[in-house]
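> Let me begin by handing over the structure; questions about it come next.
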Amino acid sequence: MYRCFPVVLFFSVIIASLGVARTNAQTPDANITTDTPQSTPAILPVKAFTKYDEFGGIKLSPSGEYAVFMTGKYGRSRLVFITMEDRKPISSVSCAEDLEYDDFHWISDERIVYWLAERQFTGVLSRTGEMFAIDVDCTKHKFIYGYRAGQKETGSIIRARESSYATAELINPLLNDKKRILISEMPWQKKGDVYYYDPDAKPIISLLDVYTGRKKKVDLAPLSDATVITDQQDRVRFSLGLNSEFKYNASWKSDPDGEWADFDLPGFREGSIVPQIISEDAQSVYFLGTESDSLYSALFCMDLKTKGITKIFGFEDREIYDLIFDLKGKRIIEVVSYTDKPVTHWLDKKDKSAQIRMSLTRTFSPQTVRIVTTTKDGSLAVFLVSSDTNPGDFYLLNTKTNQADPLQPSRTWINPKDMRPKQPFTFKARDGLTLHGYITRPKGTGPYPMVVLPHGGPHGVRDTWEFDPEVQLLANRGYAVLQVNYRGSGGFGQVFKRLGYREWGGKIQDDITDATLWAIDQNMTTRDRVCIYGSSFGAYAALEGVVREPTLYRCAIGYAGIYDLELMFSTADTSRSETGKAYLERVLGSDTDLLRAWSPVYNADRIQVPVLLIHGKEDWRADFKQAKRMKSALEENNKKFEWMELRREGHGVHDEETRTEVYERIIEFLDKYLKG
């Protein structure tokens with residue numbers, strides 16, 4: 001169904017008509033209080049929304065001669081190599097069962113490295129910490145790093161690759177070195193017979209040969225859980241992490257071969273600093289941070305000799321959401337914010353990369369454009385055009401000719417015209433705080449049956465104006481979907497985020513209730529046609545919602561949820577490290593009476609509506625005990641509920657068939673209590 005034609009971009013001309021079916025889809029600025037009768041929508045199968053992208057994660061080789069992309073993620077994933085001249089596949093490689101390709105990077109025009117995710121004893125697909133390498137023609141396939149890499153090779157000399165009980169992350173692909181990459185190794189901690197990722201460890205910096213798997217330690221990061229970045233000559237120079245007192249510190253090497261020197265970054269909120277890039281002359285570092293007397297983050301530049309800090313740019317009334325680099329990845333050219341939709345500030349409009357970005361933005365407005373991969377010299381780029389109704393179309397851009405050609409849609413079976421727009425709204429919470437959210441309405445005339453869908457997290461996570469298959473499924477089945485970025489959500493500043501601390505069952509829940517009442521007042525729905533549903537923290541909010549507001553909702557659905565806050569301190573993966581324990585203490589507190597007062601498990605007697613509980617037996621974050629305790633509490637209080645146990649799933653469902661079964665069950669439950 002992909003009906004696109006080549007697009008030529010002119011910097012001085014806004015292209016009004018592209019002749020493109022998918023990317024011409026507009027998201028109207030509809031008045032959310034006015035309903036217009038529309039034709040009855042086609043009901044799409046649940047699989048249309050549970051099936052993952054068939055094309056994604058594309059990356060161009062350094063010269064642009066080849067590209068590699070992934071298909072079948074969370075199913076039986078496969079890496080496919082294509083030539084960019086004729087766009088034809090030349091080879092592909094598939095995972096074994098229960099494995100997935102997690103990420104991959106080009107090392108040269110001939111070779112990539114990749115990481116696998118594996119179904120662990122917990123049941124979830126998670127990165128194993130192992131690395132592999134393969135040539136573009138699928139030869140020289142090597143196991144180069146990981147806890148199972150220590151196997152012997154025979155030849156003129158018997159060698160043993162070293163087993164590494166750690167997680168390897170790529171620091172720099174060293175594109176001028178076709179054989180080695182620079183990695184950061186996070187050593188695991190061992191408890192009994194089991195190894196765990198240890199966020200309190202100091203990363204080891206090593207050179208890894210992508211053909212032999214041999215590695216050479218070149219440095220040790222001076223701080224725990226450190227972010228390490230290189231200068232533009234690929235030398236490790238800057239680190240940000242936690243000191244021995246678990247306070248954030250920076251460290252710098254004035255001489256690439258010298259010693260690390262730690263220093264504080266005073267005047268910024270704890271944990272707000274995120275290093276981005278070292279300047280081309282290696283004298284400065286750019287970072288995001290939130291000043292102590294500021295509500296929002298900004299972009300800063302620090303002189304590494306004098307430690308003087310200059311503010312480059314910050315929005316007056318909103319958080320920085322993203323930074324965009326030039327096509328060679330050398331400089332920051334664009335600062336992006338996000339309240340309801342993306343908002344851009346250009347640092348230098350005369351920059352060629354900025355002009356290309358501005359042209360693409362004008363051409364495809366009101367959709368968003370994101371450059372996902374470029375060649376080493378920036379002459380070729382692949383960009384993604386997407387919106388709230390369009391899951392995404394990939395284009396190939398030649399920056400020398402300014403021509404963009406359609407490459408591939410991410411989901412060919414989704415027609416944006418059949419999807420429903422996410423309409424932003426704002427309202428005042430009961431204490432006067434301004435909150436933002438989205439309402440997605442089905443076709444037809446309201447009021448509609450409505451699903452309140454609180455996001456997970458809760459802290460630092462937010463709902464955005466982008467394609468959401470879960471929301472679209474519900475809208476396709478006739479439900480309005482209400483999403484609110486309650487206090488604690490990300491993107492609205494550090495103060496807003498911290499307003500949610502120790503308010504899980506308090507003001508956060510009030511915000512969700514107030515959003516529901518706002519939608520009723522706006523005639524989006526009626527009091528007898530609202531259900532609340534969420535996953536992870538959203539599941540907690542759903543069950544707590546029907547505890548605190550017994551008559552507001554007709555039903556509740558909890559998926560991979562937390563229902564006993566005390567239990568988080570002993571069973572969640574977060575509690576395994578000192579950093580994680582400190583986080584739980586910060587966001588939940590330690591008042592046992594309050595934790596129990598805000599736990600649905602201890603207040604099930606107040607629930608008056610049907611509940612559906614869905615949980616994976618191997619959930620490593622919201623332990624299966626959470627669901628079992630909630631189930632027992634409902635049984636003991638003779639409450640009406642349904643139960644769906646997922647035997648091989650963890651925190652969320654990755655298998656497409658199981659996902660389909662879960663959402664079919666959710667739709668069946670909603671139809672029973674909102675349409676029955």
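Ordering of the structure tokens sets the chain letters (A, B, ...), residue numbers begin anew at 1 in every chain, and ligands are numbered from 1 in the order given.
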Write out as a list in words the residues lying within 7 Å of Pro187 in chain A, counting only C-alpha atoms and excluding same-chain residues fewer than 5 positions away.
Tyr165, Ala166, Thr167, Asp198 and Ala201 of chain A
> If we count only C-alpha atoms, what is near Glu657 in chain A at a cut-off of 9 Å, once residues fewer than 3 positions away on the same chain are taken out, given as a VMD selection string?
chain A and resid 47 50 to 51 75 654 660 to 662
> As a PyMOL selection string, please: all residues of range 313-562 of chain A that backbone DSSP puts in strand (DSSP E or B).
chain A and resi 313+320-325+332-338+342-346+368-374+380-386+393-398+403-409+422-428+434-440+450-452+480-485+530-535+555-559
> Using only C-alpha atoms, which residue out of A:Pro610, A:Pro275, A:Gly314, A:Gly580 lies closest to Pro550 in chain A?
A:Pro610
> Go ahead and compute the interatomic distance for CA of Pro458 in chain A and CA of Phe537 in chain A, in Å to one decimal.
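Result for CA of Pro458 in chain A versus CA of Phe537 in chain A: 6.1 Å, one decimal.
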> For range 334-349 of chain A, find every residue with an atom within 7 Å (counting only C-alpha atoms), except residues of its own chain fewer than 3 positions away, and show them as a PyMOL selection string.
chain A and resi 318-325+354-355+424+465+491
> With C-alpha atoms retained, export the selected residues as a PDB file, in the first residue's frame.

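New file out.pdb:
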ATOM      1  CA  ARG A 318       9.686  24.123  29.167  1.00  0.00           C
ATOM      2  CA  GLU A 319      12.205  21.300  29.410  1.00  0.00           C
ATOM      3  CA  ILE A 320      14.694  20.346  26.704  1.00  0.00           C
ATOM      4  CA  TYR A 321      13.506  17.068  25.218  1.00  0.00           C
ATOM      5  CA  ASP A 322      16.228  16.313  22.671  1.00  0.00           C
ATOM      6  CA  LEU A 323      19.360  17.633  21.006  1.00  0.00           C
ATOM      7  CA  ILE A 324      19.974  17.267  17.257  1.00  0.00           C
ATOM      8  CA  PHE A 325      23.498  17.009  15.854  1.00  0.00           C
ATOM      9  CA  ALA A 354      20.298  22.955   9.939  1.00  0.00           C
ATOM     10  CA  GLN A 355      19.033  24.165   6.554  1.00  0.00           C
ATOM     11  CA  PRO A 424      -3.656  17.726  23.181  1.00  0.00           C
ATOM     12  CA  TRP A 465       2.217  12.927  20.487  1.00  0.00           C
ATOM     13  CA  GLY A 491       9.481  16.708  30.101  1.00  0.00           C
TER      14      GLY A 491
END
> Leaving out Gln626 in chain A and any residue of its chain fewer than 5 positions from it, which residues lie within 8 Å of it when counting only C-alpha atoms, given as a PyMOL selection string?
chain A and resi 561-564+567
> Take the residues from that selection and write them out as a PDB file, in the first residue's frame, keeping N, CA and C atoms.

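Wrote result.pdb, looks like this:
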ATOM      1  N   GLY A 561       1.350  -5.198  37.212  1.00  0.00           N
ATOM      2  CA  GLY A 561       1.245  -4.095  38.138  1.00  0.00           C
ATOM      3  C   GLY A 561       1.915  -4.272  39.483  1.00  0.00           C
ATOM      4  N   ILE A 562       1.966  -3.157  40.213  1.00  0.00           N
ATOM      5  CA  ILE A 562       2.468  -3.074  41.582  1.00  0.00           C
ATOM      6  C   ILE A 562       1.259  -2.772  42.462  1.00  0.00           C
ATOM      7  N   TYR A 563       1.012  -3.621  43.431  1.00  0.00           N
ATOM      8  CA  TYR A 563      -0.174  -3.453  44.262  1.00  0.00           C
ATOM      9  C   TYR A 563       0.151  -3.400  45.755  1.00  0.00           C
ATOM     10  N   ASP A 564       1.379  -3.734  46.109  1.00  0.00           N
ATOM     11  CA  ASP A 564       1.849  -3.681  47.497  1.00  0.00           C
ATOM     12  C   ASP A 564       3.163  -2.905  47.490  1.00  0.00           C
ATOM     13  N   LEU A 567       6.282  -4.271  49.280  1.00  0.00           N
ATOM     14  CA  LEU A 567       6.912  -5.410  48.624  1.00  0.00           C
ATOM     15  C   LEU A 567       7.971  -4.971  47.614  1.00  0.00           C
TER      16      LEU A 567
END
